[in-house]
Each structure stands twice: as structure tokens, then as C-alpha cells.
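Visitor: Got a structure for you, questions after.
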Amino acid sequence: MDKIVFKIKLDDLSGGQVIALLEEHLADMQATSPPESKHALDLTSLKASQVKFWTIWDGESIAGCAAYQRLSDSHAEIKSMRTAANYRGKGVASKLLNHLINDAQLNGFQRLSLETGSMDYFKPARELYKKYGFKYCQPFADYIEDPNSQFMYLNLTSEVLP
């Protein structure tokens with residue numbers, strides 16, 4: 001079996017496959033999280049100047065996407081991590097997360113934070129973040145305590161990455 005060679009690119013969120021993947025992501029977030037606990041950014045919000053958004057491709061097929069949003073000169077937040085259904089278990093999320101971490105470090109961020117769900121649906125995501133050294137923390141930025149949310153961070157100045 002041939003090994004998949006993925007290509008990650010900075011994306012302008014204009015392609016049909018990208019929009020469809022984000023719509024699927026938002027629909028899943030709607031189905032798994034109550035409205036007050038849904039923090040996924042919509043397409044317009046992902047196009048904001050403080051957001052960098054990437055897609056990962058297998059040839060002409062989208063395999064996933066991820067973004068980070070600048071919160072301050074030293075702090076960014078991961079947003080919209082998503083692996084396309086037919087690429088789950090093939091290392092897409094790890095490649096994207098590694099790319100986000102490296103880019104955040106190159107851009108001088110000292111802390112990378114995220115919010116994810118506390119439900120079983122989000123367990124694989126939490127396990128991935130823990131594998132990369134993310135630790136649980138209190139709510140950050142404008143978030144508040146929420147039993148449906150887990151907050152995590154990675155100190156980019158001292159953590160050793162896999």
C-alpha cells in the first residue's frame with residue numbers, strides 16, 4: 001500500500017471542499033455541544049485578519065483543516081481542527097497540530113491554548129493534545145467555566161514536542 005504524502009497549505013477558505021468540511025465541522029459541533037458551549041468559528045470569523053487557516057491535502061482531496069487565532073502578541077488559540085471522515089486514523093491531525101505549533105513558535109507566540117469538548121466525542125482530540133504536551137488549565141480569554149468544555153495550553157518556550 002502506498003504511503004499518503006500530505007501537503008499543508010495556507011488557505012483563503014474559498015474552495016468548495018474547504019467550505020464543505022467546515023460546514024460538516026459546524027454541524028457536528030451543533031449536534032454534540034449545547035449552544036452556550038459551542039465555540040467553533042464560522043467561515044466569516046475564520047477569515048478575520050487575526051486568524052491563520054491551513055488545509056491539508058492528499059492530491060486533490062482535502063484531508064483536514066486547522067487554524068489559530070492571535071489573542072495577543074504572545075498567545076494564540078487553536079481553532080477549527082478537523083480531519084475529514086475518510087482520513088481519520090491516518091495521522092492528519094498530528095501533522096496539522098505539529099504544523100500549528102511550529103508556525104506559532106516561528107511567529108513568536110509563547111503560549112498556544114485551546115478549548116475542546118468534555119464529552120466522549122472529543123476524547124480523541126484531548127488525547128492528541130496531551131500527546132503533544134498540552135496541559136489542562138482554567139478558562140482563558142473570554143471563556144468561562146463550563147462543564148461541557150475543557151481548556152488546555154502548551155508553553156511554546158519550554159515544552160519538548162514529539
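FYI, nothing fancy with the C-alpha cells labels: chains A, B, ... in order, residues from 1 per chain, ligands from 1 as they appear.
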Hey, which bits of range 1-29 of chain A sit within 9 Å of range 76-99 of chain A, and for each residue what's the closest pair of atoms and how far apart in Å (one decimal), counting only C-alpha atoms, rows by chain and increasing number, as a Markdown table?
Guide:
| residue | atom | partner | partner_atom | distance |
| --- | --- | --- | --- | --- |
| A:Ile4 | CA | A:Lys90 | CA | 8.6 |
| A:Phe6 | CA | A:Val92 | CA | 8.1 |
| A:Ile8 | CA | A:Leu96 | CA | 7.7 |
| A:Leu21 | CA | A:Ala84 | CA | 6.9 |
| A:Leu22 | CA | A:Ser80 | CA | 7.9 |
| A:Glu24 | CA | A:Ala84 | CA | 9.0 |
| A:His25 | CA | A:Arg82 | CA | 6.8 |
| A:Leu26 | CA | A:Ser80 | CA | 9.0 |
Visitor: Would you kindly return, as a list in words, each protein, DNA or RNA residue with an atom no farther than 7 Å from any atom of Thr55 in chain A, considering only C-alpha atoms and excluding same-chain residues fewer than 5 positions away?
Guide: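 Selected residues are Ile8, Lys9, Leu10, Asp11, Gly64, Cys65 and Ala66 of chain A.
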Visitor: How would the residues just picked look written out with N, CA and C atoms as a PDB file, in the first residue's frame?
Guide:
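Wrote it out as part-v8.pdb, contents follow:
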ATOM      1  N   ILE A   8       0.370  20.553   3.249  1.00  0.00           N
ATOM      2  CA  ILE A   8      -0.325  21.562   4.055  1.00  0.00           C
ATOM      3  C   ILE A   8      -0.136  22.911   3.375  1.00  0.00           C
ATOM      4  N   LYS A   9      -1.242  23.660   3.257  1.00  0.00           N
ATOM      5  CA  LYS A   9      -1.136  24.986   2.655  1.00  0.00           C
ATOM      6  C   LYS A   9      -1.988  25.991   3.407  1.00  0.00           C
ATOM      7  N   LEU A  10      -1.492  27.226   3.467  1.00  0.00           N
ATOM      8  CA  LEU A  10      -2.259  28.340   3.992  1.00  0.00           C
ATOM      9  C   LEU A  10      -3.440  28.517   3.044  1.00  0.00           C
ATOM     10  N   ASP A  11      -4.641  28.673   3.586  1.00  0.00           N
ATOM     11  CA  ASP A  11      -5.836  28.629   2.749  1.00  0.00           C
ATOM     12  C   ASP A  11      -6.655  29.897   2.907  1.00  0.00           C
ATOM     13  N   GLY A  64      -8.099  17.601   5.863  1.00  0.00           N
ATOM     14  CA  GLY A  64      -8.363  18.244   7.141  1.00  0.00           C
ATOM     15  C   GLY A  64      -8.074  19.725   7.098  1.00  0.00           C
ATOM     16  N   CYS A  65      -8.294  20.366   8.246  1.00  0.00           N
ATOM     17  CA  CYS A  65      -8.018  21.788   8.363  1.00  0.00           C
ATOM     18  C   CYS A  65      -7.727  22.131   9.821  1.00  0.00           C
ATOM     19  N   ALA A  66      -7.114  23.273  10.016  1.00  0.00           N
ATOM     20  CA  ALA A  66      -6.814  23.775  11.358  1.00  0.00           C
ATOM     21  C   ALA A  66      -6.457  25.246  11.247  1.00  0.00           C
TER      22      ALA A  66
END
Visitor: Enumerate, as a PyMOL selection string, the complete set of residues in chain A that a backbone-based DSSP assignment places in strand (DSSP E or B).
Guide: chain A and resi 7-10+51-58+61-70+75-83+111-117+135-137+149-155
Visitor: Pick out the closest residue to Leu112 in chain A from this set: A:Val5, A:Leu41, A:Ala141, A:Leu46. Count only C-alpha atoms.
Guide: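 That would be A:Ala141, the residue with the smallest distance to Leu112 in chain A.
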Visitor: So which bits of range 9-155 of chain A end up helix (DSSP H, G or I) when you DSSP the backbone, as a PyMOL selection string?
Guide: chain A and resi 16-32+35-37+43-46+85-87+92-106+120-131
Visitor: In terms of the shortest atom-to-atom distance over only C-alpha atoms, which of A:Ser113, A:Gln17, A:Asn102, A:Ser49 is closest to Ala63 in chain A?
Guide: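 Of A:Ser113, A:Gln17, A:Asn102, A:Ser49, the one nearest Ala63 in chain A is A:Gln17, counting only C-alpha atoms.
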Visitor: Interatomic distance between CA of Gln105 in chain A and CA of Asn155 in chain A?
Guide: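 Distance between the two atoms: 9.9 Å.
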Visitor: Need the shell around Pro139 in chain A: protein/DNA/RNA residues with any atom at most 12 Å away, counting only C-alpha atoms. Skip same-chain ones fewer than 4 positions apart. Format as a PyMOL selection string?
Guide: chain A and resi 77+113-116+143-147+149-153
Visitor: For N, CA and C atoms, I'd like the residues from the last selection saved as a short mmCIF file (atom, residue, chain, number, x, y, z; two decimals), in the first residue's frame.
Guide:
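Written file, out_39.cif:
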data_model
loop_
_atom_site.label_atom_id
_atom_site.label_comp_id
_atom_site.auth_asym_id
_atom_site.auth_seq_id
_atom_site.Cartn_x
_atom_site.Cartn_y
_atom_site.Cartn_z
N GLU A 77 -4.71 30.87 20.00
CA GLU A 77 -5.66 29.82 20.30
C GLU A 77 -5.92 28.95 19.08
N SER A 113 -3.18 27.93 23.27
CA SER A 113 -4.28 27.42 24.09
C SER A 113 -5.39 26.87 23.19
N LEU A 114 -6.31 26.16 23.80
CA LEU A 114 -7.46 25.65 23.06
C LEU A 114 -8.60 25.34 24.00
N GLU A 115 -9.79 25.31 23.43
CA GLU A 115 -10.99 24.84 24.11
C GLU A 115 -11.50 23.67 23.30
N THR A 116 -11.85 22.59 23.99
CA THR A 116 -12.46 21.45 23.33
C THR A 116 -13.55 20.90 24.25
N TYR A 143 -13.47 32.98 27.67
CA TYR A 143 -14.18 31.76 28.09
C TYR A 143 -14.52 31.83 29.57
N ILE A 144 -15.55 31.07 29.95
CA ILE A 144 -15.94 30.94 31.36
C ILE A 144 -16.01 29.45 31.69
N GLU A 145 -16.01 29.14 32.97
CA GLU A 145 -16.17 27.74 33.39
C GLU A 145 -17.42 27.17 32.74
N ASP A 146 -17.29 25.93 32.23
CA ASP A 146 -18.40 25.29 31.53
C ASP A 146 -18.19 23.79 31.64
N PRO A 147 -19.16 23.04 32.15
CA PRO A 147 -18.98 21.60 32.28
C PRO A 147 -18.83 20.88 30.94
N SER A 149 -16.88 22.04 28.49
CA SER A 149 -15.61 22.47 27.90
C SER A 149 -14.43 22.03 28.73
N GLN A 150 -13.34 21.74 28.03
CA GLN A 150 -12.04 21.51 28.63
C GLN A 150 -11.09 22.53 28.00
N PHE A 151 -10.23 23.11 28.81
CA PHE A 151 -9.28 24.10 28.34
C PHE A 151 -7.88 23.54 28.51
N MET A 152 -7.04 23.76 27.51
CA MET A 152 -5.69 23.22 27.52
C MET A 152 -4.73 24.27 26.97
N TYR A 153 -3.45 24.12 27.32
CA TYR A 153 -2.44 25.04 26.80
C TYR A 153 -1.12 24.31 26.63
#
